[in-house]
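Raw work02.tsv, TSV, C-alpha atoms and all ligand atoms:
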```
chain	number	residue	atom	x	y	z
A	115	MET	CA	13.20	-8.03	-25.80
A	116	LYS	CA	14.59	-7.90	-29.34
A	117	LEU	CA	14.41	-11.63	-29.91
A	118	ASP	CA	15.81	-11.48	-33.45
A	119	LYS	CA	18.90	-9.63	-32.27
A	120	LEU	CA	19.61	-12.01	-29.43
A	121	ILE	CA	19.14	-15.00	-31.67
A	122	GLU	CA	21.47	-13.63	-34.35
A	123	GLU	CA	24.20	-13.05	-31.83
A	124	THR	CA	24.17	-16.45	-30.20
A	125	ARG	CA	22.58	-19.16	-32.37
A	126	THR	CA	22.86	-20.69	-35.79
A	127	ALA	CA	19.80	-20.90	-38.04
A	128	ASP	CA	19.55	-24.65	-37.37
A	129	GLU	CA	19.59	-24.16	-33.63
A	130	ILE	CA	16.86	-21.55	-33.86
A	131	ASN	CA	14.81	-23.82	-36.02
A	132	ARG	CA	15.11	-26.55	-33.43
A	133	LEU	CA	14.18	-24.20	-30.57
A	134	PHE	CA	11.01	-22.78	-32.10
A	135	ASN	CA	9.84	-24.80	-35.09
A	136	TRP	CA	8.35	-27.94	-33.64
A	137	SER	CA	6.27	-30.33	-35.73
A	138	GLU	CA	2.64	-30.92	-34.86
A	139	ASP	CA	3.50	-34.48	-33.77
A	140	GLU	CA	6.22	-33.22	-31.44
A	141	LEU	CA	3.92	-30.57	-30.01
A	142	ALA	CA	1.19	-33.12	-29.48
A	143	ALA	CA	3.58	-35.42	-27.60
A	144	MET	CA	5.32	-32.97	-25.26
A	145	ASP	CA	4.20	-32.44	-21.69
A	146	GLU	CA	1.21	-30.15	-21.39
A	147	THR	CA	2.94	-27.47	-19.34
A	148	GLU	CA	5.66	-27.04	-21.95
A	149	PHE	CA	3.19	-27.17	-24.84
A	150	ARG	CA	1.00	-24.47	-23.33
A	151	ALA	CA	4.03	-22.30	-22.63
A	152	ARG	CA	5.15	-22.74	-26.25
A	153	PHE	CA	1.64	-21.85	-27.38
A	154	ARG	CA	1.78	-18.61	-25.35
A	155	GLU	CA	5.30	-17.76	-26.52
A	156	ARG	CA	4.49	-18.30	-30.21
A	157	CYS	CA	1.29	-16.25	-29.95
A	158	HIS	CA	3.26	-13.51	-28.23
A	159	HIS	CA	6.08	-13.31	-30.78
A	160	THR	CA	4.35	-14.27	-34.00
A	161	MET	CA	1.03	-12.51	-33.41
A	162	GLU	CA	0.72	-10.17	-30.43
A	163	ILE	CA	3.81	-8.13	-31.25
A	164	GLN	CA	3.32	-8.38	-35.01
A	165	VAL	CA	-0.36	-7.44	-35.08
A	166	TYR	CA	0.26	-4.11	-33.36
A	167	GLU	CA	3.44	-3.47	-35.36
A	168	ASN	CA	1.28	-3.82	-38.44
A	169	ALA	CA	-1.66	-1.80	-37.16
A	170	PHE	CA	0.40	1.09	-35.77
A	171	ARG	CA	3.58	1.10	-37.86
A	172	GLY	CA	2.56	-0.58	-41.07
A	173	LYS	CA	5.09	-3.40	-40.69
A	174	PRO	CA	4.05	-6.17	-43.09
A	175	LEU	CA	2.05	-8.97	-41.52
A	176	SER	CA	2.58	-12.26	-43.30
A	177	GLU	CA	0.36	-15.31	-43.63
A	178	LYS	CA	3.11	-17.22	-41.79
A	179	GLN	CA	2.23	-15.38	-38.59
A	180	VAL	CA	-1.32	-16.61	-38.89
A	181	SER	CA	-0.33	-20.12	-39.93
A	182	THR	CA	1.91	-20.56	-36.86
A	183	ALA	CA	-0.97	-19.67	-34.55
A	184	GLU	CA	-3.33	-21.90	-36.50
A	185	LYS	CA	-0.87	-24.79	-36.24
A	186	TYR	CA	-0.71	-24.40	-32.47
A	187	MET	CA	-4.51	-24.18	-32.27
A	188	ARG	CA	-4.83	-27.39	-34.29
A	189	VAL	CA	-2.52	-29.14	-31.83
A	190	TRP	CA	-4.52	-27.62	-28.98
A	191	ASP	CA	-7.62	-29.38	-30.33
A	192	ARG	CA	-5.72	-32.57	-31.05
A	193	ARG	CA	-4.70	-32.64	-27.39
A	194	GLY	CA	-8.33	-32.14	-26.35
A	195	LEU	CA	-7.62	-28.92	-24.45
A	196	SER	CA	-10.46	-26.55	-23.62
A	197	HIS	CA	-11.23	-23.46	-25.67
A	198	ASP	CA	-12.03	-21.74	-22.34
A	199	CYS	CA	-8.35	-21.60	-21.37
A	200	HIS	CA	-6.98	-18.07	-21.18
A	201	GLU	CA	-4.24	-18.56	-23.77
A	202	TYR	CA	-6.60	-20.10	-26.32
A	203	LYS	CA	-9.11	-17.27	-25.95
A	204	PHE	CA	-6.35	-14.69	-26.29
A	205	ALA	CA	-4.93	-16.45	-29.36
A	206	ALA	CA	-8.40	-16.47	-30.95
A	207	THR	CA	-8.71	-12.70	-30.36
A	208	LEU	CA	-5.27	-12.04	-31.88
A	209	LEU	CA	-6.02	-14.29	-34.81
A	210	GLY	CA	-9.16	-12.27	-35.49
A	211	PHE	CA	-7.11	-9.06	-35.51
A	212	ALA	CA	-4.45	-10.60	-37.76
A	213	LYS	CA	-6.98	-11.80	-40.31
A	214	GLN	CA	-8.66	-8.40	-40.43
A	215	LEU	CA	-5.32	-6.66	-40.91
A	216	ILE	CA	-4.24	-9.05	-43.66
A	217	ALA	CA	-7.58	-8.30	-45.37
A	218	GLY	CA	-6.72	-4.59	-45.22
A	219	GLU	CA	-9.13	-3.71	-42.39
A	220	ILE	CA	-8.19	-1.97	-39.14
A	221	PRO	CA	-9.58	-3.85	-36.13
A	222	ASP	CA	-11.60	-1.88	-33.62
A	223	PHE	CA	-9.40	-1.74	-30.53
A	224	SER	CA	-11.58	0.86	-28.78
A	225	SER	CA	-13.20	-1.58	-26.35
A	226	TYR	CA	-9.74	-2.30	-24.87
A	227	GLU	CA	-9.05	1.31	-23.95
A	228	PRO	CA	-8.65	1.52	-20.17
A	229	LYS	CA	-10.90	3.77	-18.16
A	230	TRP	CA	-8.26	6.36	-17.34
A	231	LEU	CA	-8.09	7.33	-13.66
A	232	THR	CA	-9.56	10.64	-12.64
A	233	PRO	CA	-7.27	12.92	-10.58
A	234	GLU	CA	-9.14	11.78	-7.44
A	235	GLU	CA	-8.59	8.14	-8.35
A	236	GLN	CA	-4.91	8.80	-8.99
A	237	GLU	CA	-4.68	10.06	-5.42
A	238	ILE	CA	-6.07	6.74	-4.26
A	239	PHE	CA	-3.51	4.90	-6.36
A	240	ASP	CA	-0.80	7.04	-4.75
A	241	ARG	CA	-2.12	6.06	-1.33
A	242	VAL	CA	-1.76	2.39	-2.21
A	243	LEU	CA	1.79	2.99	-3.44
A	244	TYR	CA	2.99	5.24	-0.65
A	245	GLU	CA	1.07	3.99	2.38
A	246	ARG	CA	2.05	0.35	1.85
A	247	ARG	CA	4.46	-0.78	4.54
A	248	SER	CA	6.12	-4.02	5.44
A	249	VAL	CA	3.97	-5.24	8.33
A	250	ARG	CA	5.54	-7.72	10.71
A	251	HIS	CA	3.02	-8.00	13.57
A	252	TRP	CA	-0.40	-9.45	13.11
A	253	ASP	CA	-3.86	-9.49	14.57
A	254	THR	CA	-4.30	-13.25	14.45
A	255	SER	CA	-7.79	-13.04	15.97
A	256	ARG	CA	-9.04	-12.06	12.52
A	257	ARG	CA	-9.00	-14.80	9.92
A	258	VAL	CA	-8.10	-13.72	6.39
A	259	PRO	CA	-10.93	-14.94	4.13
A	260	ASN	CA	-9.95	-17.23	1.27
A	261	GLU	CA	-11.67	-14.86	-1.18
A	262	LEU	CA	-9.23	-12.12	-0.20
A	263	ILE	CA	-6.26	-14.42	-0.59
A	264	ASP	CA	-7.53	-15.39	-4.04
A	265	ARG	CA	-7.75	-11.74	-5.08
A	266	ILE	CA	-4.15	-11.26	-4.01
A	267	LEU	CA	-3.01	-14.36	-5.89
A	268	ARG	CA	-4.79	-13.09	-8.99
A	269	ALA	CA	-2.99	-9.73	-8.66
A	270	GLY	CA	0.33	-11.60	-8.66
A	271	LEU	CA	-0.60	-13.36	-11.89
A	272	TRP	CA	-1.50	-10.08	-13.59
A	273	ALA	CA	2.02	-8.73	-13.18
A	274	ALA	CA	4.10	-8.26	-16.30
A	275	HIS	CA	5.67	-11.56	-17.35
A	276	ALA	CA	8.35	-12.17	-19.97
A	277	CYS	CA	6.92	-13.57	-23.24
A	278	ASN	CA	3.67	-14.33	-21.41
A	279	LEU	CA	5.18	-17.65	-20.31
A	280	GLN	CA	3.32	-17.69	-16.96
A	281	SER	CA	5.78	-19.45	-14.68
A	282	ILE	CA	4.30	-18.42	-11.31
A	283	ARG	CA	2.90	-21.13	-9.05
A	284	TYR	CA	1.75	-20.66	-5.47
A	285	LEU	CA	1.98	-22.49	-2.21
A	286	VAL	CA	-0.49	-21.00	0.25
A	287	VAL	CA	0.00	-22.01	3.86
A	288	ARG	CA	-1.98	-20.81	6.85
A	289	GLU	CA	0.29	-20.76	9.87
A	290	GLU	CA	-2.48	-22.34	11.94
A	291	SER	CA	-2.62	-25.35	9.58
A	292	GLU	CA	0.92	-26.36	10.35
A	293	PRO	CA	2.49	-24.11	13.01
A	294	GLY	CA	6.22	-23.70	12.75
A	295	LEU	CA	6.64	-24.84	9.16
A	296	PHE	CA	8.19	-21.47	8.39
A	297	ARG	CA	10.34	-21.30	11.53
A	298	GLY	CA	13.69	-19.71	10.95
A	299	SER	CA	12.17	-16.64	9.33
A	300	ASP	CA	12.78	-13.22	10.93
A	301	ILE	CA	9.04	-12.95	11.35
A	302	PRO	CA	7.44	-15.89	13.08
A	303	GLY	CA	3.83	-16.75	12.62
A	304	GLY	CA	2.67	-14.63	9.66
A	305	PRO	CA	-0.91	-15.78	9.47
A	306	VAL	CA	-0.87	-16.57	5.73
A	307	HIS	CA	2.32	-17.46	3.90
A	308	ILE	CA	2.26	-17.08	0.12
A	309	VAL	CA	5.22	-18.84	-1.42
A	310	LEU	CA	6.09	-17.95	-5.00
A	311	LEU	CA	7.33	-20.90	-6.97
A	312	GLN	CA	8.28	-20.88	-10.62
A	313	ASP	CA	7.69	-23.78	-12.96
A	314	GLU	CA	10.97	-23.70	-14.84
A	315	ARG	CA	9.57	-26.02	-17.53
A	316	VAL	CA	7.79	-23.07	-19.11
A	317	TYR	CA	11.11	-21.40	-19.89
A	318	ARG	CA	11.97	-24.23	-22.29
A	319	ALA	CA	9.61	-22.39	-24.62
A	320	ASN	CA	12.13	-19.58	-24.99
A	321	GLN	CA	15.68	-20.67	-24.37
A	322	VAL	CA	17.16	-17.53	-25.89
A	323	MET	CA	15.65	-15.41	-23.14
A	324	PRO	CA	18.25	-14.27	-20.58
A	325	ASP	CA	18.02	-16.28	-17.34
A	326	TYR	CA	17.59	-13.16	-15.25
A	327	ASN	CA	14.10	-12.72	-16.71
A	328	HIS	CA	12.97	-15.72	-14.69
A	329	ILE	CA	13.64	-14.03	-11.37
A	330	LEU	CA	12.32	-10.71	-12.62
A	331	ASP	CA	9.01	-12.42	-13.48
A	332	CYS	CA	8.80	-13.52	-9.88
A	333	GLY	CA	9.76	-10.11	-8.51
A	334	ALA	CA	7.03	-8.45	-10.55
A	335	ALA	CA	4.46	-10.89	-9.13
A	336	GLY	CA	5.74	-10.30	-5.58
A	337	GLN	CA	5.37	-6.55	-5.90
A	338	ASN	CA	1.81	-6.87	-7.18
A	339	ILE	CA	1.07	-9.13	-4.22
A	340	VAL	CA	2.26	-6.72	-1.53
A	341	LEU	CA	0.46	-3.82	-3.21
A	342	ALA	CA	-2.76	-5.81	-3.59
A	343	ALA	CA	-2.61	-6.93	0.05
A	344	HIS	CA	-2.41	-3.31	1.13
A	345	ALA	CA	-5.16	-2.17	-1.25
A	346	TYR	CA	-7.46	-4.89	0.11
A	347	GLY	CA	-6.91	-3.89	3.74
A	348	LEU	CA	-4.22	-6.37	4.74
A	349	GLY	CA	-0.64	-6.00	5.82
A	350	GLY	CA	2.09	-7.84	3.99
A	351	VAL	CA	5.81	-8.42	4.22
A	352	TRP	CA	8.13	-9.84	1.65
A	353	LEU	CA	10.46	-12.36	3.33
A	354	THR	CA	13.57	-14.43	2.71
A	355	PHE	CA	14.03	-18.19	2.95
A	356	ASN	CA	16.93	-19.85	4.61
A	357	GLN	CA	18.11	-23.19	3.28
A	358	LYS	CA	16.48	-25.21	6.06
A	359	MET	CA	13.07	-23.65	5.37
A	360	ARG	CA	13.42	-24.46	1.70
A	361	GLU	CA	14.27	-28.06	2.49
A	362	ARG	CA	11.41	-28.37	4.97
A	363	LEU	CA	8.87	-27.02	2.48
A	364	THR	CA	10.26	-29.08	-0.39
A	365	GLU	CA	9.89	-32.22	1.67
A	366	ARG	CA	6.48	-31.35	3.13
A	367	PHE	CA	4.91	-30.54	-0.25
A	368	GLU	CA	7.03	-32.90	-2.38
A	369	ILE	CA	8.05	-30.02	-4.61
A	370	PRO	CA	9.66	-31.38	-7.80
A	371	ASP	CA	13.06	-30.23	-9.08
A	372	TYR	CA	11.60	-28.20	-11.95
A	373	MET	CA	9.72	-26.04	-9.45
A	374	ASN	CA	11.97	-23.25	-8.23
A	375	MET	CA	11.06	-21.92	-4.78
A	376	VAL	CA	11.94	-18.27	-5.19
A	377	THR	CA	10.49	-16.13	-2.43
A	378	TYR	CA	7.54	-15.62	-0.12
A	379	VAL	CA	5.22	-12.99	1.27
A	380	ASP	CA	3.32	-13.13	4.55
A	381	VAL	CA	-0.07	-11.43	4.69
A	382	GLY	CA	-2.62	-10.89	7.42
A	383	TYR	CA	-4.53	-8.24	9.32
A	384	PRO	CA	-1.99	-5.77	10.69
A	385	ALA	CA	-1.49	-5.14	14.41
A	386	GLN	CA	0.99	-2.34	13.80
A	387	SER	CA	1.33	0.82	11.73
A	388	PRO	CA	5.04	1.17	10.99
A	389	ALA	CA	6.60	4.52	10.22
A	390	PRO	CA	7.45	4.83	6.54
A	391	VAL	CA	10.92	3.74	5.56
A	392	LEU	CA	11.83	6.95	3.82
A	393	ARG	CA	13.16	6.85	0.29
A	394	PRO	CA	15.57	9.04	-1.63
A	395	GLU	CA	14.36	11.69	-4.03
A	396	PRO	CA	14.40	10.58	-7.68
A	397	GLU	CA	16.62	13.53	-8.61
A	398	ASP	CA	19.33	12.19	-6.29
A	399	MET	CA	19.16	8.74	-7.86
A	400	ILE	CA	19.41	9.58	-11.53
A	401	PHE	CA	22.61	8.21	-12.98
A	402	ALA	CA	22.09	9.98	-16.28
A	403	ARG	CA	19.27	11.80	-17.99
A	404	ILE	CA	19.33	13.25	-21.48
B	1	LIG	C1	13.32	-9.51	-1.96
B	1	LIG	C2	12.95	-8.98	-0.60
B	1	LIG	C3	13.29	-9.70	0.52
B	1	LIG	C4	12.93	-9.24	1.81
B	1	LIG	N1	13.25	-10.00	2.90
B	1	LIG	C5	12.89	-9.58	4.12
B	1	LIG	C6	13.20	-10.37	5.28
B	1	LIG	O1	13.77	-11.45	5.18
B	1	LIG	N2	12.82	-9.92	6.49
B	1	LIG	C7	12.14	-8.75	6.64
B	1	LIG	O2	11.83	-8.41	7.78
B	1	LIG	N3	11.85	-7.96	5.57
B	1	LIG	C8	12.20	-8.35	4.32
B	1	LIG	N4	11.88	-7.59	3.21
B	1	LIG	C9	11.14	-6.31	3.39
B	1	LIG	C10	12.08	-5.09	3.35
B	1	LIG	O3	12.85	-5.06	4.53
B	1	LIG	C11	11.24	-3.83	3.24
B	1	LIG	O4	10.50	-3.86	2.02
B	1	LIG	C12	12.11	-2.57	3.25
B	1	LIG	O5	12.73	-2.42	4.49
B	1	LIG	C13	11.30	-1.28	2.97
B	1	LIG	O6	10.21	-1.17	3.89
B	1	LIG	P1	8.71	-1.03	3.39
B	1	LIG	O7	8.38	-2.30	2.65
B	1	LIG	O8	7.90	-0.89	4.65
B	1	LIG	O9	8.60	0.17	2.52
B	1	LIG	C14	12.23	-8.02	1.94
B	1	LIG	C15	11.90	-7.30	0.79
B	1	LIG	C16	12.24	-7.77	-0.47
B	1	LIG	C17	11.85	-6.97	-1.70
```

Represent the structure of the file as structure tokens.
Amino acid sequence: MKLDKLIEETRTADEINRLFNWSEDELAAMDETEFRARFRERCHHTMEIQVYENAFRGKPLSEKQVSTAEKYMRVWDRRGLSHDCHEYKFAATLLGFAKQLIAGEIPDFSSYEPKWLTPEEQEIFDRVLYERRSVRHWDTSRRVPNELIDRILRAGLWAAHACNLQSIRYLVVREESEPGLFRGSDIPGGPVHIVLLQDERVYRANQVMPDYNHILDCGAAGQNIVLAAHAYGLGGVWLTFNQKMRERLTERFEIPDYMNMVTYVDVGYPAQSPAPVLRPEPEDMIFARI
């Protein structure tokens, strides 16, 4: 997103200042979820984007970029947060790049180059994409191991996410733990229900972002989840709440107002192999191409 452009169109300089330029005392006092989201957002906009713009396009990289990150890292320490947290480690890496670039050196990015897929591996990726189906009937005699569920949850978190705000939260419910909690769904009894919640507090960190990005963040996680389930040998189906289910789950898990219950996916060992729901050809779906 072109943050500068959006800001110019909709906000005064004072409003922008208030949205992004918090004092160290204010940052130290705010709730931890919001602070960490602000930390991620600032690192994203003031360092991650800027470091690569400098390295690959020669855009000037100012000391201010570095000082913003350093300010947030000082508050991190003041709050007694761990240096093992993912956002702190990432910020430290970016800060290293930024300092090298400011000193006129080009950081060595070579260790981050992905191992590109061989043609054979690309065929396997295609199988994951094109053999995934929505599975709605389950072999409940086979228990899905927690380790497999954890791998799927991790895949959801590695989806693209606007400004690296990390809003996704999970509710993982085995049907056997509380049968009928999800009644009202088209598909009764999915052995493992993965509910995707979003902690809306993180979006306070970027209030100029369009609201639709929130739901897109969740959609990206959901797609990773159904693909990962398939890749790891499970079936999955993306499902839809009705209002009563939402209320039941909200009450059962005492879900606070700032937690938005967006969608859910059932996963388990499949007892069916559905025929593919055929899709249109891309050439028939192109609105314009130049
Ligand atoms: C946001 C979303 C909501 C869905 N809700 C339901 C649902 O309530 N019930 C259901 O049986 N399938 C649901 N699905 C699954 C779709 O029906 C399914 O993905 C589509 O028919 C294509 O089939 P495939 O997934 O096997 O390729 C949903 C999928 C998405 C992305």

Which residues sit within 8 Å of ligand LIG 1 (chain B), counting only C-alpha atoms and all ligand atoms, listed as a list in words?
-> Arg246, Arg247, Ser248, Val249, Arg250, Ser299, Asp300, Ile301, Gly333, Gly336, Gln337, Val351, Trp352, Leu353, Thr354, Phe355, Thr377, Pro388, Ala389, Pro390, Val391 and Leu392 of chain A

Return the single residue from A:Ser224, A:Arg154, A:Glu140, A:His251 that is closest to A:Cys199, with distances computed using all atoms listed in the file.
-> A:Arg154

Between atom CA of A:Gln321 and atom CA of A:His158, what is the spacing in Å?
->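 Pair atom CA of A:His158 / atom CA of A:Gln321 returns 14.8 Å.
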
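The space separating atom CA of A:Tyr186 from atom CA of A:Leu208 comes to 13.2 Å.
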
Distance atom CA of A:Asp331-atom CA of A:Phe134, one decimal place?
-> 21.4 Å

Could you name the residues that touch A:Tyr346 at 10 Å or less, counting all atoms listed in the file, but leaving out those on the same chain fewer than 2 positions away, as a list in words?
-> Val242, Leu262, Ile263, Arg265, Ile266, Leu341, Ala342, Ala343, His344, Leu348 and Gly349 of chain A

Using all atoms listed in the file: which of A:Tyr244, A:Val376, A:Met323, A:Ala385 has the shortest distance to A:Thr364 =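 Checking each of A:Tyr244, A:Val376, A:Met323, A:Ala385 against A:Thr364, counting all atoms listed in the file, the winner is A:Val376.
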
Closest of A:Val379, A:Val258, A:Val340, A:Ile282 to A:Val309 - atom-to-atom distances counting all atoms listed in the file =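 Distance minimum relative to A:Val309 lands on A:Val379.
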
With all atoms listed in the file as the atoms that count, which of A:Lys173, A:Lys358, A:His275, A:Arg241 lies nearest to A:Tyr317?
->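 Nearest candidate to A:Tyr317 out of A:Lys173, A:Lys358, A:His275, A:Arg241: A:His275.
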
Measuring atom to atom with all atoms listed in the file, identify which of A:Thr207, A:Glu162, A:Asn338, A:Pro233 is nearest to A:Trp272.
->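 Comparing A:Thr207, A:Glu162, A:Asn338, A:Pro233 against A:Trp272, the winner is A:Asn338.
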
Restricting the calculation to all atoms listed in the file, which member of A:Glu177, A:Glu227, A:Glu237, A:Asp253 is positioned closest to A:Lys213?
->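 Distance minimum relative to A:Lys213 lands on A:Glu177.
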
Show which residues sit within 9 Å of A:Arg366, as a list in words. Count only C-alpha atoms, and ignore same-chain residues fewer than 4 positions away.
-> Leu295, Glu361 and Arg362 of chain A

Extract, using all atoms listed in the file, all DNA, RNA and protein residues at most 8 Å from A:His307, discarding same-chain residues fewer than 4 positions from it, and format them as a PyMOL selection string.
-> chain A and resi 285-289+378-381
